[in-house]
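Chemist: This is protein_27.csv, which holds CSV, C-alpha atoms and all ligand atoms:
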```
chain,number,residue,atom,x,y,z
A,1,MET,CA,0.0,0.0,0.0
A,2,LYS,CA,3.0,2.3,-0.3
A,3,ILE,CA,2.5,5.3,-2.6
A,4,VAL,CA,5.0,4.9,-5.4
A,5,LYS,CA,3.8,7.4,-8.0
A,6,VAL,CA,1.3,10.3,-8.3
A,7,GLU,CA,0.0,11.4,-11.7
A,8,ALA,CA,-1.7,14.8,-12.4
A,9,ILE,CA,-3.1,14.7,-15.9
A,10,PRO,CA,-4.8,17.8,-17.3
A,11,PHE,CA,-7.7,17.1,-19.6
A,12,SER,CA,-10.2,19.3,-21.4
A,13,ILE,CA,-13.8,18.5,-22.3
A,14,PRO,CA,-16.1,21.2,-23.8
A,15,TYR,CA,-19.5,21.9,-22.3
A,16,ARG,CA,-22.5,21.8,-24.7
A,17,LYS,CA,-23.9,24.9,-22.9
A,18,PRO,CA,-21.9,27.2,-20.6
A,19,LEU,CA,-22.8,27.6,-17.0
A,20,LYS,CA,-22.9,31.3,-16.0
A,21,PHE,CA,-23.1,32.6,-12.5
A,22,ALA,CA,-22.2,35.8,-10.6
A,23,SER,CA,-18.5,35.0,-10.0
A,24,GLY,CA,-17.7,33.4,-13.4
A,25,GLU,CA,-18.6,31.0,-16.1
A,26,VAL,CA,-17.6,27.5,-17.3
A,27,ARG,CA,-17.4,26.6,-21.0
A,28,THR,CA,-14.9,23.8,-20.8
A,29,ALA,CA,-14.1,21.3,-18.1
A,30,ASP,CA,-10.4,21.9,-17.8
A,31,HIS,CA,-9.9,19.5,-15.0
A,32,VAL,CA,-7.0,17.4,-13.6
A,33,LEU,CA,-7.2,13.6,-13.4
A,34,VAL,CA,-5.3,12.5,-10.3
A,35,ARG,CA,-4.0,8.9,-10.0
A,36,VAL,CA,-2.2,7.6,-7.0
A,37,HIS,CA,-0.3,4.3,-7.6
A,38,THR,CA,0.7,1.9,-4.9
A,39,ASP,CA,3.5,-0.7,-4.9
A,40,ASP,CA,1.3,-3.7,-4.3
A,41,GLY,CA,-1.8,-3.1,-6.3
A,42,PRO,CA,-4.6,-0.6,-6.3
A,43,THR,CA,-4.4,2.7,-8.1
A,44,GLY,CA,-6.7,5.4,-6.6
A,45,VAL,CA,-8.4,7.9,-9.0
A,46,ALA,CA,-10.2,11.3,-8.5
A,47,GLU,CA,-10.5,14.6,-10.3
A,48,ALA,CA,-9.6,18.2,-9.4
A,49,PRO,CA,-11.7,21.0,-11.0
A,50,PRO,CA,-9.9,24.4,-11.1
A,51,ARG,CA,-12.1,27.3,-10.0
A,52,PRO,CA,-9.9,30.4,-10.0
A,53,TYR,CA,-12.7,32.7,-9.0
A,54,THR,CA,-13.3,30.6,-5.9
A,55,TYR,CA,-10.0,29.2,-4.8
A,56,GLY,CA,-7.3,30.8,-7.0
A,57,GLU,CA,-6.4,27.4,-8.5
A,58,THR,CA,-5.9,26.9,-12.3
A,59,GLN,CA,-5.4,23.7,-14.2
A,60,GLU,CA,-1.7,24.5,-14.5
A,61,SER,CA,-1.3,25.3,-10.8
A,62,ILE,CA,-3.0,22.0,-9.8
A,63,VAL,CA,-0.6,20.0,-12.0
A,64,ALA,CA,2.4,22.0,-10.7
A,65,VAL,CA,1.6,21.8,-7.0
A,66,ILE,CA,1.0,18.0,-7.3
A,67,ASP,CA,4.0,17.3,-9.5
A,68,LYS,CA,6.5,19.6,-7.7
A,69,ILE,CA,5.3,19.6,-4.1
A,70,PHE,CA,2.7,17.0,-3.1
A,71,ALA,CA,3.9,14.0,-5.1
A,72,PRO,CA,7.5,14.2,-3.7
A,73,GLN,CA,6.1,14.8,-0.2
A,74,ILE,CA,3.7,11.8,0.0
A,75,THR,CA,5.6,9.2,-2.1
A,76,GLY,CA,6.8,6.5,0.2
A,77,LEU,CA,4.0,6.9,2.7
A,78,SER,CA,1.4,4.2,3.0
A,79,ALA,CA,-2.2,4.8,1.8
A,80,LEU,CA,-3.1,3.9,5.4
A,81,GLU,CA,-1.2,6.9,6.7
A,82,ARG,CA,-3.8,9.5,5.7
A,83,GLU,CA,-3.2,11.8,8.7
A,84,ALA,CA,0.5,11.9,7.9
A,85,VAL,CA,-0.3,12.6,4.2
A,86,HIS,CA,-2.5,15.5,5.2
A,87,GLU,CA,0.1,16.8,7.6
A,88,ARG,CA,2.5,17.1,4.7
A,89,LEU,CA,-0.1,18.5,2.3
A,90,ASP,CA,-1.1,21.1,4.9
A,91,ARG,CA,2.5,22.5,4.9
A,92,THR,CA,1.3,24.3,1.7
A,93,VAL,CA,-1.6,26.7,2.2
A,94,GLY,CA,-4.5,26.7,-0.2
A,95,ASN,CA,-4.8,24.4,-3.2
A,96,PRO,CA,-8.0,22.8,-1.8
A,97,THR,CA,-9.1,20.8,-4.9
A,98,ALA,CA,-5.6,19.4,-5.5
A,99,LYS,CA,-5.5,18.2,-1.9
A,100,ALA,CA,-9.0,16.9,-2.0
A,101,ALA,CA,-8.4,14.8,-5.1
A,102,LEU,CA,-5.4,13.2,-3.5
A,103,ASP,CA,-7.4,12.4,-0.4
A,104,MET,CA,-10.3,10.8,-2.4
A,105,ALA,CA,-7.8,8.8,-4.4
A,106,LEU,CA,-6.4,7.4,-1.2
A,107,TRP,CA,-9.9,6.4,-0.1
A,108,ASP,CA,-10.3,4.7,-3.5
A,109,ILE,CA,-7.2,2.7,-2.8
A,110,LEU,CA,-8.4,1.7,0.7
A,111,GLY,CA,-11.8,0.6,-0.7
A,112,GLN,CA,-10.2,-1.4,-3.5
A,113,ALA,CA,-7.8,-3.0,-1.1
A,114,ALA,CA,-10.6,-4.0,1.3
A,115,GLY,CA,-12.8,-5.1,-1.6
A,116,MET,CA,-15.5,-2.7,-0.3
A,117,PRO,CA,-17.2,0.4,-1.6
A,118,VAL,CA,-15.9,3.7,-0.3
A,119,SER,CA,-19.5,4.9,0.5
A,120,GLY,CA,-19.9,1.9,2.8
A,121,LEU,CA,-16.6,2.6,4.5
A,122,LEU,CA,-17.6,6.2,5.1
A,123,GLY,CA,-21.0,5.4,6.6
A,124,GLY,CA,-23.2,3.3,4.2
A,125,TYR,CA,-26.4,5.2,4.9
A,126,THR,CA,-28.2,4.8,1.6
A,127,LYS,CA,-27.6,3.7,-2.0
A,128,ARG,CA,-29.0,6.7,-3.9
A,129,MET,CA,-29.5,10.4,-3.5
A,130,ARG,CA,-32.1,12.8,-4.8
A,131,VAL,CA,-30.6,15.2,-7.2
A,132,SER,CA,-30.8,19.0,-7.3
A,133,HIS,CA,-30.1,20.8,-10.6
A,134,MET,CA,-28.3,24.1,-10.9
A,135,VAL,CA,-29.9,26.7,-13.3
A,136,GLY,CA,-27.4,29.2,-14.5
A,137,PHE,CA,-27.9,32.8,-15.8
A,138,ALA,CA,-30.0,33.2,-18.9
A,139,PRO,CA,-33.1,35.2,-19.8
A,140,ALA,CA,-36.0,34.0,-17.5
A,141,GLU,CA,-37.8,32.0,-20.2
A,142,ARG,CA,-34.6,30.1,-21.0
A,143,MET,CA,-34.1,29.3,-17.4
A,144,VAL,CA,-37.6,28.0,-17.2
A,145,ALA,CA,-37.2,25.9,-20.3
A,146,GLU,CA,-34.0,24.3,-18.9
A,147,ALA,CA,-35.7,23.4,-15.6
A,148,GLU,CA,-38.7,21.9,-17.4
A,149,ARG,CA,-36.4,19.9,-19.7
A,150,VAL,CA,-34.4,18.6,-16.7
A,151,ARG,CA,-37.5,17.7,-14.8
A,152,ASP,CA,-39.2,16.0,-17.8
A,153,THR,CA,-36.0,14.1,-18.8
A,154,HIS,CA,-34.5,13.2,-15.4
A,155,GLY,CA,-37.4,13.6,-12.9
A,156,ILE,CA,-35.5,16.3,-11.0
A,157,THR,CA,-37.8,18.6,-8.9
A,158,THR,CA,-35.2,20.5,-6.8
A,159,PHE,CA,-33.5,23.5,-8.4
A,160,LYS,CA,-30.7,25.8,-7.3
A,161,VAL,CA,-31.2,29.1,-9.1
A,162,LYS,CA,-28.2,31.2,-9.8
A,163,VAL,CA,-28.8,34.9,-8.7
A,164,GLY,CA,-26.5,37.8,-8.0
A,165,ARG,CA,-27.1,39.8,-11.3
A,166,ARG,CA,-27.7,43.5,-11.6
A,167,PRO,CA,-30.3,44.8,-11.5
A,168,TYR,CA,-31.3,42.2,-8.9
A,169,THR,CA,-34.9,42.5,-10.2
A,170,ASP,CA,-33.8,40.3,-13.2
A,171,ASP,CA,-33.2,37.4,-10.8
A,172,VAL,CA,-36.4,38.1,-8.9
A,173,GLU,CA,-38.2,37.9,-12.2
A,174,ALA,CA,-36.5,34.6,-13.1
A,175,CYS,CA,-37.2,33.0,-9.7
A,176,ARG,CA,-40.9,34.0,-10.0
A,177,ALA,CA,-41.1,32.6,-13.5
A,178,LEU,CA,-39.6,29.3,-12.3
A,179,ARG,CA,-42.0,29.1,-9.4
A,180,ASP,CA,-45.0,29.8,-11.7
A,181,ALA,CA,-43.9,27.2,-14.2
A,182,LEU,CA,-42.8,24.5,-11.8
A,183,GLY,CA,-45.6,24.8,-9.3
A,184,PRO,CA,-45.6,24.7,-5.5
A,185,GLN,CA,-44.2,21.1,-5.3
A,186,ALA,CA,-40.8,22.0,-6.8
A,187,GLU,CA,-38.1,22.9,-4.3
A,188,LEU,CA,-36.2,26.1,-5.2
A,189,TYR,CA,-33.3,27.8,-3.5
A,190,ILE,CA,-30.9,30.5,-4.7
A,191,ASP,CA,-27.1,31.0,-4.9
A,192,GLY,CA,-25.7,34.5,-5.4
A,193,ASN,CA,-22.0,33.6,-5.6
A,194,ARG,CA,-21.3,36.9,-3.7
A,195,GLY,CA,-22.8,39.0,-6.5
A,196,TRP,CA,-25.0,41.4,-4.5
A,197,THR,CA,-24.4,43.9,-1.7
A,198,ALA,CA,-26.1,43.1,1.5
A,199,SER,CA,-28.8,45.8,0.8
A,200,GLU,CA,-29.5,44.4,-2.7
A,201,ALA,CA,-29.7,40.9,-1.2
A,202,ALA,CA,-32.1,42.1,1.5
A,203,ARG,CA,-34.4,43.7,-1.0
A,204,ALA,CA,-34.3,40.7,-3.3
A,205,LEU,CA,-35.2,38.4,-0.3
A,206,ARG,CA,-38.1,40.6,0.6
A,207,GLU,CA,-39.4,40.7,-2.9
A,208,MET,CA,-39.2,36.9,-3.2
A,209,ALA,CA,-40.7,36.2,0.2
A,210,ASP,CA,-43.8,34.7,-1.3
A,211,LEU,CA,-41.9,32.2,-3.5
A,212,GLY,CA,-41.3,29.6,-0.9
A,213,LEU,CA,-37.5,29.4,-1.3
A,214,THR,CA,-35.8,26.8,0.9
A,215,PHE,CA,-32.3,28.4,1.2
A,216,ALA,CA,-30.2,31.4,0.2
A,217,GLU,CA,-26.5,30.8,-0.5
A,218,GLU,CA,-23.6,33.3,-0.6
A,219,LEU,CA,-25.7,36.3,-1.6
A,220,CYS,CA,-23.0,38.9,-0.8
A,221,PRO,CA,-19.2,38.7,-0.1
A,222,ALA,CA,-18.1,37.2,3.2
A,223,ASP,CA,-15.6,40.0,3.4
A,224,ASP,CA,-18.5,42.4,4.0
A,225,VAL,CA,-18.4,41.1,7.5
A,226,LEU,CA,-21.0,43.3,9.2
A,227,GLY,CA,-23.2,43.7,6.2
A,228,ARG,CA,-23.5,39.9,5.9
A,229,ARG,CA,-24.3,39.4,9.6
A,230,TRP,CA,-26.9,42.1,9.2
A,231,LEU,CA,-28.4,40.3,6.2
A,232,VAL,CA,-28.3,36.8,7.8
A,233,ALA,CA,-29.9,38.1,11.0
A,234,GLN,CA,-32.9,39.2,9.0
A,235,SER,CA,-33.0,36.3,6.4
A,236,PRO,CA,-36.3,34.5,6.6
A,237,ILE,CA,-34.6,31.3,5.4
A,238,PRO,CA,-31.4,29.4,6.3
A,239,PHE,CA,-28.4,31.1,4.8
A,240,ILE,CA,-25.8,28.6,3.3
A,241,ALA,CA,-22.1,29.3,3.4
A,242,ASP,CA,-20.3,27.8,0.3
A,243,GLU,CA,-17.2,29.6,-0.8
A,244,SER,CA,-16.9,31.4,2.5
A,245,ALA,CA,-16.6,28.1,4.4
A,246,THR,CA,-14.2,25.9,2.6
A,247,ARG,CA,-12.5,24.3,5.6
A,248,ALA,CA,-13.5,23.5,9.2
A,249,ALA,CA,-12.1,26.7,10.7
A,250,GLU,CA,-14.0,28.8,8.2
A,251,VAL,CA,-17.2,26.8,9.0
A,252,THR,CA,-16.7,27.7,12.6
A,253,ARG,CA,-16.0,31.4,11.8
A,254,GLU,CA,-19.1,31.7,9.6
A,255,LEU,CA,-21.5,29.9,11.9
A,256,LEU,CA,-20.4,31.4,15.2
A,257,GLY,CA,-20.1,34.8,13.7
A,258,GLY,CA,-23.7,34.7,12.6
A,259,SER,CA,-22.8,34.9,8.9
A,260,ALA,CA,-24.3,31.6,7.9
A,261,THR,CA,-26.9,29.1,9.2
A,262,ALA,CA,-26.3,26.1,6.9
A,263,ILE,CA,-23.2,24.7,5.2
A,264,SER,CA,-22.5,23.4,1.7
A,265,ILE,CA,-20.2,20.4,1.7
A,266,LYS,CA,-18.2,19.9,-1.5
A,267,THR,CA,-16.0,16.8,-1.8
A,268,ALA,CA,-14.1,18.6,-4.6
A,269,ARG,CA,-12.6,20.9,-2.0
A,270,THR,CA,-12.5,18.9,1.2
A,271,GLY,CA,-12.2,15.4,-0.1
A,272,PHE,CA,-13.7,12.7,2.2
A,273,THR,CA,-11.5,13.2,5.3
A,274,ALA,CA,-12.1,16.9,5.8
A,275,SER,CA,-15.7,16.7,4.5
A,276,GLN,CA,-16.4,14.2,7.3
A,277,ARG,CA,-15.0,16.6,9.8
A,278,VAL,CA,-17.2,19.4,8.5
A,279,LEU,CA,-20.2,17.2,8.5
A,280,HIS,CA,-19.7,16.0,12.1
A,281,GLN,CA,-19.0,19.6,13.1
A,282,CYS,CA,-22.4,20.7,11.6
A,283,GLU,CA,-24.2,17.7,13.2
A,284,GLY,CA,-22.7,18.6,16.6
A,285,LEU,CA,-23.8,22.2,16.2
A,286,GLY,CA,-27.3,21.3,14.8
A,287,VAL,CA,-26.7,22.9,11.5
A,288,GLU,CA,-28.1,21.6,8.1
A,289,VAL,CA,-25.7,20.5,5.4
A,290,LEU,CA,-26.2,20.2,1.6
A,291,MET,CA,-24.0,18.3,-0.9
A,292,GLY,CA,-22.8,21.1,-3.2
A,293,ASN,CA,-21.2,20.8,-6.6
A,294,GLN,CA,-17.9,22.3,-7.8
A,295,ILE,CA,-19.2,22.0,-11.4
A,296,ASP,CA,-17.8,18.5,-11.2
A,297,GLY,CA,-17.5,16.0,-14.1
A,298,GLN,CA,-18.7,12.5,-13.7
A,299,ILE,CA,-15.7,11.4,-11.6
A,300,GLY,CA,-16.3,14.2,-9.2
A,301,THR,CA,-20.0,13.5,-9.1
A,302,LEU,CA,-19.3,9.9,-8.2
A,303,CYS,CA,-17.2,11.1,-5.3
A,304,SER,CA,-19.9,13.5,-4.2
A,305,VAL,CA,-22.6,10.9,-4.2
A,306,ALA,CA,-20.4,8.3,-2.5
A,307,PHE,CA,-20.0,10.8,0.4
A,308,GLY,CA,-23.5,12.3,0.4
A,309,ALA,CA,-25.2,8.9,0.4
A,310,ALA,CA,-22.9,7.6,3.1
A,311,HIS,CA,-24.3,9.9,5.9
A,312,ARG,CA,-27.8,10.5,7.3
A,313,SER,CA,-27.4,14.3,7.5
A,314,SER,CA,-25.9,14.7,4.0
A,315,ALA,CA,-28.5,12.4,2.4
A,316,GLN,CA,-31.5,14.3,3.8
A,317,ARG,CA,-31.5,17.0,1.1
A,318,ALA,CA,-31.2,16.6,-2.7
A,319,GLY,CA,-27.5,16.8,-3.6
A,320,GLU,CA,-26.2,19.0,-6.4
A,321,LEU,CA,-25.1,16.1,-8.7
A,322,SER,CA,-26.2,17.1,-12.2
A,323,ASN,CA,-23.7,19.6,-13.6
A,324,PHE,CA,-22.1,16.8,-15.7
A,325,LEU,CA,-25.3,16.7,-17.8
A,326,ASP,CA,-24.1,19.7,-19.7
A,327,MET,CA,-20.7,18.3,-20.7
A,328,SER,CA,-20.3,17.0,-24.2
A,329,ASP,CA,-18.5,13.8,-23.0
A,330,ASP,CA,-16.6,12.4,-20.0
A,331,LEU,CA,-13.9,9.9,-19.1
A,332,LEU,CA,-15.9,7.0,-17.5
A,333,THR,CA,-16.4,3.8,-19.5
A,334,GLU,CA,-19.9,3.6,-18.2
A,335,PRO,CA,-21.6,7.1,-18.0
A,336,LEU,CA,-23.7,8.1,-15.0
A,337,SER,CA,-27.4,8.5,-15.4
A,338,ILE,CA,-30.0,10.3,-13.3
A,339,THR,CA,-33.4,8.5,-13.3
A,340,ASP,CA,-36.5,9.4,-11.3
A,341,GLY,CA,-34.6,12.4,-10.0
A,342,THR,CA,-32.0,10.3,-8.2
A,343,LEU,CA,-28.4,9.1,-8.7
A,344,ARG,CA,-27.3,5.7,-7.6
A,345,LEU,CA,-24.0,4.8,-6.2
A,346,ARG,CA,-21.6,2.6,-8.1
A,347,GLU,CA,-21.5,-0.9,-6.8
A,348,GLY,CA,-18.1,-2.6,-6.3
A,349,ALA,CA,-14.9,-1.9,-4.5
A,350,GLY,CA,-13.5,1.6,-4.1
A,351,LEU,CA,-15.1,4.5,-5.8
A,352,GLY,CA,-16.0,2.5,-9.0
A,353,ILE,CA,-14.2,4.9,-11.3
A,354,ASP,CA,-13.3,3.1,-14.5
A,355,ILE,CA,-11.6,5.4,-17.0
A,356,ASP,CA,-12.0,4.8,-20.7
A,357,PRO,CA,-8.4,4.9,-22.0
A,358,ASP,CA,-9.4,6.1,-25.5
A,359,LYS,CA,-11.3,9.0,-24.0
A,360,LEU,CA,-8.5,9.9,-21.8
A,361,ALA,CA,-6.1,9.8,-24.8
A,362,ARG,CA,-8.5,12.1,-26.7
A,363,TYR,CA,-9.0,14.7,-24.0
A,364,ARG,CA,-5.7,14.8,-22.2
A,365,GLN,CA,-3.7,18.0,-22.7
A,366,ASP,CA,-0.2,16.9,-21.8
A,367,ILE,CA,0.8,14.7,-24.8
B,1,LIG,C1,-21.8,27.0,-6.5
B,1,LIG,O1,-22.5,26.3,-5.7
B,1,LIG,O2,-21.5,28.1,-6.3
B,1,LIG,C2,-19.9,28.0,-8.8
B,1,LIG,C3,-18.8,28.6,-8.3
B,1,LIG,C4,-18.3,27.7,-7.3
B,1,LIG,O3,-17.3,27.8,-6.6
B,1,LIG,O4,-19.0,26.6,-7.3
B,1,LIG,C5,-20.0,26.7,-8.3
B,1,LIG,C6,-21.4,26.3,-7.8
B,2,MG,MG,-22.5,28.2,-4.3
```
Take the structure in this file and express it as structure tokens.

Modeler:
Amino acid sequence: MKIVKVEAIPFSIPYRKPLKFASGEVRTADHVLVRVHTDDGPTGVAEAPPRPYTYGETQESIVAVIDKIFAPQITGLSALEREAVHERLDRTVGNPTAKAALDMALWDILGQAAGMPVSGLLGGYTKRMRVSHMVGFAPAERMVAEAERVRDTHGITTFKVKVGRRPYTDDVEACRALRDALGPQAELYIDGNRGWTASEAARALREMADLGLTFAEELCPADDVLGRRWLVAQSPIPFIADESATRAAEVTRELLGGSATAISIKTARTGFTASQRVLHQCEGLGVEVLMGNQIDGQIGTLCSVAFGAAHRSSAQRAGELSNFLDMSDDLLTEPLSITDGTLRLREGAGLGIDIDPDKLARYRQDI
């Protein structure tokens, strides 16, 4: 189980339709495939999605930090020495998705070695999760058409609506159009990706008070410390911290500071080890969690559902597991599919990630 080699392979797969939101947009999945090889058998696999507007990482920086710093630091350690691995990774600040991919690849190794699914090792709560779909910026009628298509094709009835545009009334209009079209049984919540000021967000929330929204996420910048506390104190619905709470200490700061009342867990940034800490922290504090999406491909989505389905608290709510639907292709030999609004776990040992070598050869950027 000794780590003998770590690969960081950049690959690029275009989206059929870009996803636009207040802090950026994604047109191509410029991700990094991470493979951790051991001396006596299993190779662990995961992917890291660069999100420069959220974490400062790029595809090039992820490859560089793994090749130049992390791989030399962890080579020679056993896959069973996860705490020692993290101690070494944490000598470098930041780089959350690079660290998370290494963590999840180690869990994949452990699952394969034990002949057991990672989701079972993590907690084994359920075998499938309800799926929430993210609706990006577009004119209101196109957002409605997308939600209806996703509902009719995949049975999804929970939608996270991207907001944070100016004027904020464009988003109020889009949310109202979605509620009118989807009816009262659909679950809607909003994510501003820090696009509004606290006062714009407060007005928007007031004007949407009759829409039955479940949550509001990151409506204004966490750096607007007092403005955000003021906003959260008057929010009629739980306020989710996403990019403001990317590690356990930030979760503590946001919750205890009154700047958030629910937490988005993203395995793409906290892997399984640190995601479990955040989840337990939230359970202990009595705070709701949601499985978020870092605009993951199918590999990342398999990781999210493995974690989300493993625990009672993360399986309560629909998880954001559908962003891969907009990609023109992916690397798995057997593509994921969402049916009846749910995504099933992969059976078998480890994470069940089986990479198609022809697809990898077609999309990799390093040869
Ligand atoms: C989300 O929930 O915000 C967009 C930016 C990011 O960091 O994650 C995505 C989705
Ligand atoms: Mg978010």

Chemist: Given all atoms listed in the file as the basis, pick out the residue of A:Thr267, A:Ser132, A:Thr339, A:Thr54 nearest to ligand MG 2 (chain B).

Modeler: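 Residue with the minimum atom-to-atom distance to ligand MG 2 (chain B): A:Thr54.
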
Chemist: For Ile9 in chain A, which residue among A:Asn323, A:Thr75, A:Thr153, A:Ser61 is the nearest when counting all atoms listed in the file?

Modeler: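 Answer, going by the shortest atom-to-atom distance: A:Ser61.
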
Chemist: Show me which residues sit within 8 Å of ligand MG 2 (chain B) when counting only C-alpha atoms and all ligand atoms, and put them as a list of chain:residue names.

Modeler: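 Residues satisfying the distance criterion: A:Asp191, A:Gly192, A:Asn193, A:Glu217, A:Glu218, A:Ala241, A:Asp242, A:Glu243, A:Ser264, A:Gly292, A:Asn293.
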
Chemist: Within 7 Å of Ala268 in chain A, counting all atoms listed in the file, which residues qualify if same-chain residues fewer than 5 places away don't, as a ChimeraX atom specification?

Modeler: /A:48,97,100-101,294,300

Chemist: Quick one, how far is CA of Arg229 in chain A from CA of Ser259 in chain A?

Modeler: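 Between these atoms lies a distance of 4.8 Å.
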
Chemist: List the neighbours of Leu77 in chain A out to 12 Å using all atoms listed in the file; skip same-chain residues closer than 3 positions along the sequence, and give me the result as a list in words.

Modeler: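 So the residues in contact are Met1, Lys2, Ile3, Val4, Lys5, Val6, Val36, His37, Thr38, Asp39, Phe70, Ala71, Pro72, Gln73, Ile74, Leu80, Glu81, Arg82, Glu83, Ala84, Val85, His86, Glu87, Arg88 and Leu106 of chain A.
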
Chemist: Figure out the distance between CA of Leu302 in chain A and CA of Leu345 in chain A, please, to one decimal in Å.

Modeler: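 Pair CA of Leu345 in chain A / CA of Leu302 in chain A returns 7.2 Å.
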
Chemist: Which residues come within 9 Å of Ala177 in chain A, counting all atoms listed in the file, excluding same-chain residues fewer than 2 positions away, as a PyMOL selection string?

Modeler: chain A and resi 140-141+143-144+172-175+179-182

Chemist: Restricting the calculation to only C-alpha atoms, which member of A:Val131, A:Cys303, A:Leu226, A:Ala245 is positioned closest to Gly155 in chain A?

Modeler: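 Ranking A:Val131, A:Cys303, A:Leu226, A:Ala245 by distance to Gly155 in chain A, first place goes to A:Val131.
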
Chemist: In Å, rounded to a single decimal, give me how far CA of His133 in chain A is from CA of Ala274 in chain A.

Modeler: 24.7 Å

Chemist: Please provide the set of residues having any atom within 9 Å of Leu255 in chain A, restricted to only C-alpha atoms, with same-chain residues fewer than 6 positions apart removed, written as a ChimeraX atom specification.

Modeler: /A:241,261-263,287
